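Engineer: Just one file: protein.pdb, with PDB, C-alpha atoms.
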ATOM      1  CA  MET A 111       0.000   0.000   0.000
ATOM      2  CA  LYS A 112       2.882   2.333   0.818
ATOM      3  CA  SER A 113       4.461   1.803  -2.617
ATOM      4  CA  PHE A 114       1.090   2.477  -4.292
ATOM      5  CA  LYS A 115       0.827   5.863  -2.538
ATOM      6  CA  LEU A 116       4.397   6.703  -3.504
ATOM      7  CA  LEU A 117       3.704   5.785  -7.134
ATOM      8  CA  PHE A 118       0.507   7.875  -7.101
ATOM      9  CA  VAL A 119       2.346  10.941  -5.754
ATOM     10  CA  ALA A 120       5.104  10.509  -8.335
ATOM     11  CA  MET A 121       2.512  10.373 -11.127
ATOM     12  CA  LEU A 122       0.824  13.546  -9.870
ATOM     13  CA  ILE A 123       4.136  15.403  -9.817
ATOM     14  CA  GLY A 124       4.925  14.151 -13.319
ATOM     15  CA  LEU A 125       1.539  15.215 -14.679
ATOM     16  CA  SER A 126       1.767  18.668 -13.133
ATOM     17  CA  THR A 127       5.196  19.138 -14.744
ATOM     18  CA  VAL A 128       3.879  18.079 -18.157
ATOM     19  CA  THR A 129       0.862  20.377 -17.806
ATOM     20  CA  TYR A 130       3.060  23.340 -16.877
ATOM     21  CA  ALA A 131       5.434  22.739 -19.791
ATOM     22  CA  GLY A 132       2.506  22.316 -22.177
ATOM     23  CA  ASN A 133       1.039  25.656 -21.152
ATOM     24  CA  GLU A 134       4.308  27.433 -21.831
ATOM     25  CA  LEU A 135       4.836  25.930 -25.289
ATOM     26  CA  GLY A 136       1.201  26.178 -26.272
ATOM     27  CA  LYS A 137       0.902  29.849 -25.414
ATOM     28  CA  GLU A 138      -0.944  31.591 -28.199
ATOM     29  CA  PRO A 139       0.465  34.895 -29.431
ATOM     30  CA  THR A 140      -2.104  37.616 -28.937
ATOM     31  CA  ALA A 141      -0.973  39.972 -31.675
ATOM     32  CA  LYS A 142      -2.906  40.116 -34.926
ATOM     33  CA  SER A 143       0.430  40.819 -36.591
ATOM     34  CA  VAL A 144       1.335  37.104 -36.511
ATOM     35  CA  SER A 145      -1.911  36.142 -38.254
ATOM     36  CA  THR A 146      -1.492  38.899 -40.799
ATOM     37  CA  PHE A 147       2.109  37.901 -41.499
ATOM     38  CA  VAL A 148       1.239  34.217 -41.976
ATOM     39  CA  GLN A 149      -1.756  35.069 -44.156
ATOM     40  CA  GLN A 150       0.303  37.326 -46.418
ATOM     41  CA  GLU A 151       3.042  34.734 -46.861
ATOM     42  CA  LEU A 152       0.805  31.691 -47.452
ATOM     43  CA  THR A 153      -2.067  33.033 -49.569
ATOM     44  CA  ASP A 154      -0.889  31.874 -52.988
ATOM     45  CA  ASP A 155      -0.454  28.371 -54.394
ATOM     46  CA  CYS A 156      -1.453  26.382 -51.288
ATOM     47  CA  ASP A 157      -4.590  24.741 -52.771
ATOM     48  CA  GLU A 158      -2.686  21.846 -54.304
ATOM     49  CA  TYR A 159      -1.341  20.643 -50.942
ATOM     50  CA  PHE A 160      -4.529  19.511 -49.182
ATOM     51  CA  ASP A 161      -7.589  17.435 -50.022
ATOM     52  CA  GLY A 162     -11.120  18.658 -49.460
ATOM     53  CA  ASP A 163     -12.249  22.239 -49.124
ATOM     54  CA  GLU A 164     -10.212  23.195 -46.071
ATOM     55  CA  SER A 165      -7.353  22.157 -43.833
ATOM     56  CA  LYS A 166      -6.228  23.139 -40.338
ATOM     57  CA  VAL A 167      -2.507  23.182 -39.596
ATOM     58  CA  TYR A 168      -0.758  24.032 -36.357
ATOM     59  CA  ILE A 169       2.551  25.824 -36.775
ATOM     60  CA  GLU A 170       5.131  25.875 -33.987
ATOM     61  CA  PHE A 171       7.471  28.822 -34.422
ATOM     62  CA  MET A 172       9.850  31.257 -32.811
ATOM     63  CA  VAL A 173      11.541  34.532 -33.724
ATOM     64  CA  ASN A 174      15.346  34.570 -33.643
ATOM     65  CA  LYS A 175      17.629  37.409 -32.517
ATOM     66  CA  ASN A 176      17.716  38.756 -36.098
ATOM     67  CA  ASN A 177      13.907  39.171 -35.994
ATOM     68  CA  GLU A 178      13.409  36.338 -38.469
ATOM     69  CA  PHE A 179      10.406  33.998 -38.322
ATOM     70  CA  ILE A 180      11.546  30.380 -37.787
ATOM     71  CA  VAL A 181       9.125  27.453 -38.257
ATOM     72  CA  LEU A 182      10.077  24.648 -35.886
ATOM     73  CA  SER A 183       7.357  22.191 -36.929
ATOM     74  CA  THR A 184       3.920  21.904 -38.505
ATOM     75  CA  SER A 185       1.058  19.454 -38.163
ATOM     76  CA  ALA A 186       0.680  19.186 -41.941
ATOM     77  CA  GLU A 187       0.018  15.572 -42.914
ATOM     78  CA  ASP A 188       1.581  15.954 -46.350
ATOM     79  CA  ARG A 189       5.370  16.413 -46.448
ATOM     80  CA  ALA A 190       5.097  18.682 -49.505
ATOM     81  CA  PHE A 191       2.634  20.941 -47.636
ATOM     82  CA  ASP A 192       5.005  21.026 -44.635
ATOM     83  CA  LEU A 193       7.906  22.058 -46.884
ATOM     84  CA  PHE A 194       5.711  24.664 -48.636
ATOM     85  CA  ILE A 195       4.831  26.306 -45.289
ATOM     86  CA  LYS A 196       8.451  26.263 -44.106
ATOM     87  CA  SER A 197       9.796  27.627 -47.391
ATOM     88  CA  ARG A 198       7.338  30.524 -47.327
ATOM     89  CA  LEU A 199       7.818  31.507 -43.671
ATOM     90  CA  ASN A 200      11.361  30.597 -42.602
ATOM     91  CA  TYR A 201      13.854  33.437 -42.251
ATOM     92  CA  LYS A 202      11.358  36.115 -43.318
ATOM     93  CA  SER A 203      11.835  39.386 -41.476
ATOM     94  CA  PHE A 204       9.282  39.684 -38.671
ATOM     95  CA  GLN A 205       8.984  42.037 -35.743
ATOM     96  CA  SER A 206       6.280  42.286 -33.099
ATOM     97  CA  ALA A 207       6.283  43.837 -29.652
ATOM     98  CA  SER A 208       4.219  40.972 -28.206
ATOM     99  CA  ILE A 209       6.561  38.185 -29.391
ATOM    100  CA  GLU A 210       9.634  37.424 -27.291
ATOM    101  CA  VAL A 211      12.812  36.490 -29.135
ATOM    102  CA  GLY A 212      13.690  32.814 -28.695
ATOM    103  CA  LYS A 213      10.359  31.790 -27.170
ATOM    104  CA  THR A 214       8.313  29.011 -28.791
ATOM    105  CA  TYR A 215       4.735  29.740 -29.893
ATOM    106  CA  ASN A 216       1.945  27.811 -31.633
ATOM    107  CA  ILE A 217      -0.626  29.178 -34.033
ATOM    108  CA  LYS A 218      -3.503  27.451 -35.809
ATOM    109  CA  VAL A 219      -3.884  28.266 -39.503
ATOM    110  CA  ASN A 220      -7.059  27.476 -41.453
ATOM    111  CA  PHE A 221      -6.567  26.969 -45.173
ATOM    112  CA  GLN A 222      -9.535  27.137 -47.548
ATOM    113  CA  LYS A 223      -9.465  26.311 -51.213
ATOM    114  CA  LYS A 224     -10.140  29.123 -53.630
ATOM    115  CA  PHE A 225     -12.895  28.209 -56.048
ATOM    116  CA  LYS A 226     -12.388  29.529 -59.525
ATOM    117  CA  ALA A 227     -15.505  30.475 -61.451
TER     118      ALA A 227
END
Have the structure of the file written as structure tokens, please.
Structural biologist:
Amino acid sequence: MKSFKLLFVAMLIGLSTVTYAGNELGKEPTAKSVSTFVQQELTDDCDEYFDGDESKVYIEFMVNKNNEFIVLSTSAEDRAFDLFIKSRLNYKSFQSASIEVGKTYNIKVNFQKKFKA
């Protein structure tokens, strides 16, 4: 019984650590400037990379000391779509007062296909 309690306490400590770390990494940037920047860079030629009418992709990024946008990872299922996002965003000049240099952020991006008439 004593070992069960010890195991339970250890699991609680482990879960609280994971939850704390998840909150830090998953912190959403509040500035509209990030959304505007991503939208401007990814508006063209993205229709060919996803099936259906829309796709949601999470982008994990940071800004380096040279104020350049760095994509760390994406949730894109297609490797070509992942490379497209990274090629369009990586090392582009970006500056925002609400984004700390070197800190990791996540943003959700909704892609919708453009229908041509």
Engineer: In terms of the shortest atom-to-atom distance over only C-alpha atoms, which of A:Asp192, A:Glu210, A:Asp154, A:Glu164 is closest to Asn177 (chain A)?
Structural biologist: A:Glu210
Engineer: For the structure shown, which residues end up in the PyMOL selection byres ((chain A and resi 220) around 10)? Put them as number ranges by chain, please?
Structural biologist: A: 149, 164-168, 217-219, 221-222
Engineer: Just the residues within 7 Å of Arg198 (chain A), please, counting all atoms listed in the file, with nothing from its chain fewer than 2 positions along; format it as a count of residues only.
Structural biologist: 6
Engineer: Can you translate the PyMOL selection byres ((chain A and resi 180) around 6) into the concrete residues it hits in this file, as a list in words?
Structural biologist: Phe171, Met172, Val173, Phe179, Val181, Asn200 and Tyr201 of chain A
Engineer: Rounded to one decimal in Å, what is the spacing between CA of Lys175 (chain A) and CA of Val211 (chain A)?
Structural biologist: 6.0 Å
Engineer: So which one's closest to Thr153 (chain A), A:Glu178, A:Tyr215, A:Phe204, A:Leu199? Using all atoms listed in the file, please.
Structural biologist: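 Answer, going by the shortest atom-to-atom distance: A:Leu199.
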Engineer: Looking at A:Glu158, A:Gln205, A:Ile169, A:Lys213, which one is nearest to Phe191 (chain A), with distances taken over only C-alpha atoms?
Structural biologist: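 Counting only C-alpha atoms, the residue closest to Phe191 (chain A) is A:Glu158.
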Engineer: Could you check how far CA of Ser185 (chain A) sits from CA of Ser143 (chain A), in Å to one decimal?
Structural biologist: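 According to the coordinates, CA of Ser185 (chain A) and CA of Ser143 (chain A) are separated by 21.4 Å.
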Engineer: Enter the distance from CA of Ser197 (chain A) to CA of Ile209 (chain A), in Å, rounded to one decimal.
Structural biologist: 21.1 Å
Engineer: Under the rule that all atoms listed in the file are counted, which of A:Cys156, A:Asp163, A:Val144, A:Gly212 is the nearest residue to Ala186 (chain A)?
Structural biologist: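 Of all the options, A:Cys156 lies closest to Ala186 (chain A).
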Engineer: For Asn174 (chain A), which of A:Val148, A:Lys223, A:Leu193, A:Ser206 is the closest residue, counting all atoms listed in the file?
Structural biologist: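 Ranked by minimum distance to Asn174 (chain A), first place goes to A:Ser206.
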Engineer: Reconstruct region 168-199 of chain A at the level of N, CA and C atoms, and format the result as a compact mmCIF listing (two decimals), in the coordinates of the input.
Structural biologist:
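Saved as part18.txt:
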# COMPACT_ATOMS: atom_id res chain seq x y z
N TYR A 168 -1.39 23.34 -37.48
CA TYR A 168 -0.76 24.03 -36.36
C TYR A 168 0.71 24.25 -36.70
N ILE A 169 1.17 25.47 -36.48
CA ILE A 169 2.55 25.82 -36.78
C ILE A 169 3.23 26.22 -35.46
N GLU A 170 4.33 25.53 -35.14
CA GLU A 170 5.13 25.88 -33.99
C GLU A 170 6.29 26.73 -34.49
N PHE A 171 6.47 27.90 -33.91
CA PHE A 171 7.47 28.82 -34.42
C PHE A 171 8.12 29.61 -33.31
N MET A 172 9.17 30.31 -33.69
CA MET A 172 9.85 31.26 -32.81
C MET A 172 10.42 32.38 -33.67
N VAL A 173 10.87 33.43 -33.04
CA VAL A 173 11.54 34.53 -33.72
C VAL A 173 12.96 34.58 -33.18
N ASN A 174 13.95 34.57 -34.09
CA ASN A 174 15.35 34.57 -33.64
C ASN A 174 15.84 35.99 -33.34
N LYS A 175 17.08 36.10 -32.92
CA LYS A 175 17.63 37.41 -32.52
C LYS A 175 17.75 38.39 -33.68
N ASN A 176 17.69 37.89 -34.91
CA ASN A 176 17.72 38.76 -36.10
C ASN A 176 16.32 39.14 -36.56
N ASN A 177 15.32 38.89 -35.69
CA ASN A 177 13.91 39.17 -35.99
C ASN A 177 13.43 38.44 -37.25
N GLU A 178 13.84 37.18 -37.36
CA GLU A 178 13.41 36.34 -38.47
C GLU A 178 12.47 35.26 -37.94
N PHE A 179 11.41 35.01 -38.66
CA PHE A 179 10.41 34.00 -38.32
C PHE A 179 11.00 32.62 -38.60
N ILE A 180 10.98 31.72 -37.63
CA ILE A 180 11.55 30.38 -37.79
C ILE A 180 10.45 29.36 -37.48
N VAL A 181 10.10 28.52 -38.46
CA VAL A 181 9.12 27.45 -38.26
C VAL A 181 9.87 26.25 -37.70
N LEU A 182 9.45 25.81 -36.51
CA LEU A 182 10.08 24.65 -35.89
C LEU A 182 9.42 23.36 -36.35
N SER A 183 8.08 23.37 -36.45
CA SER A 183 7.36 22.19 -36.93
C SER A 183 5.95 22.59 -37.35
N THR A 184 5.32 21.71 -38.12
CA THR A 184 3.92 21.90 -38.51
C THR A 184 3.18 20.58 -38.31
N SER A 185 1.86 20.67 -38.27
CA SER A 185 1.06 19.45 -38.16
C SER A 185 0.54 19.01 -39.53
N ALA A 186 1.11 19.55 -40.59
CA ALA A 186 0.68 19.19 -41.94
C ALA A 186 0.93 17.70 -42.18
N GLU A 187 -0.10 17.01 -42.68
CA GLU A 187 0.02 15.57 -42.91
C GLU A 187 0.87 15.27 -44.15
N ASP A 188 0.85 16.14 -45.11
CA ASP A 188 1.58 15.95 -46.35
C ASP A 188 2.96 16.61 -46.24
N ARG A 189 4.00 15.88 -46.54
CA ARG A 189 5.37 16.41 -46.45
C ARG A 189 5.57 17.62 -47.37
N ALA A 190 4.96 17.57 -48.56
CA ALA A 190 5.10 18.68 -49.50
C ALA A 190 4.46 19.95 -48.93
N PHE A 191 3.31 19.80 -48.25
CA PHE A 191 2.63 20.94 -47.64
C PHE A 191 3.50 21.50 -46.51
N ASP A 192 4.10 20.62 -45.70
CA ASP A 192 5.00 21.03 -44.64
C ASP A 192 6.17 21.84 -45.19
N LEU A 193 6.78 21.35 -46.26
CA LEU A 193 7.91 22.06 -46.88
C LEU A 193 7.46 23.38 -47.50
N PHE A 194 6.25 23.42 -48.07
CA PHE A 194 5.71 24.66 -48.64
C PHE A 194 5.59 25.73 -47.55
N ILE A 195 5.01 25.36 -46.40
CA ILE A 195 4.83 26.31 -45.29
C ILE A 195 6.19 26.80 -44.80
N LYS A 196 7.12 25.88 -44.60
CA LYS A 196 8.45 26.26 -44.11
C LYS A 196 9.20 27.14 -45.10
N SER A 197 9.08 26.83 -46.39
CA SER A 197 9.80 27.63 -47.39
C SER A 197 9.24 29.04 -47.49
N ARG A 198 7.96 29.20 -47.24
CA ARG A 198 7.34 30.52 -47.33
C ARG A 198 7.57 31.38 -46.08
N LEU A 199 7.74 30.74 -44.92
CA LEU A 199 7.82 31.51 -43.67
C LEU A 199 9.23 31.62 -43.09
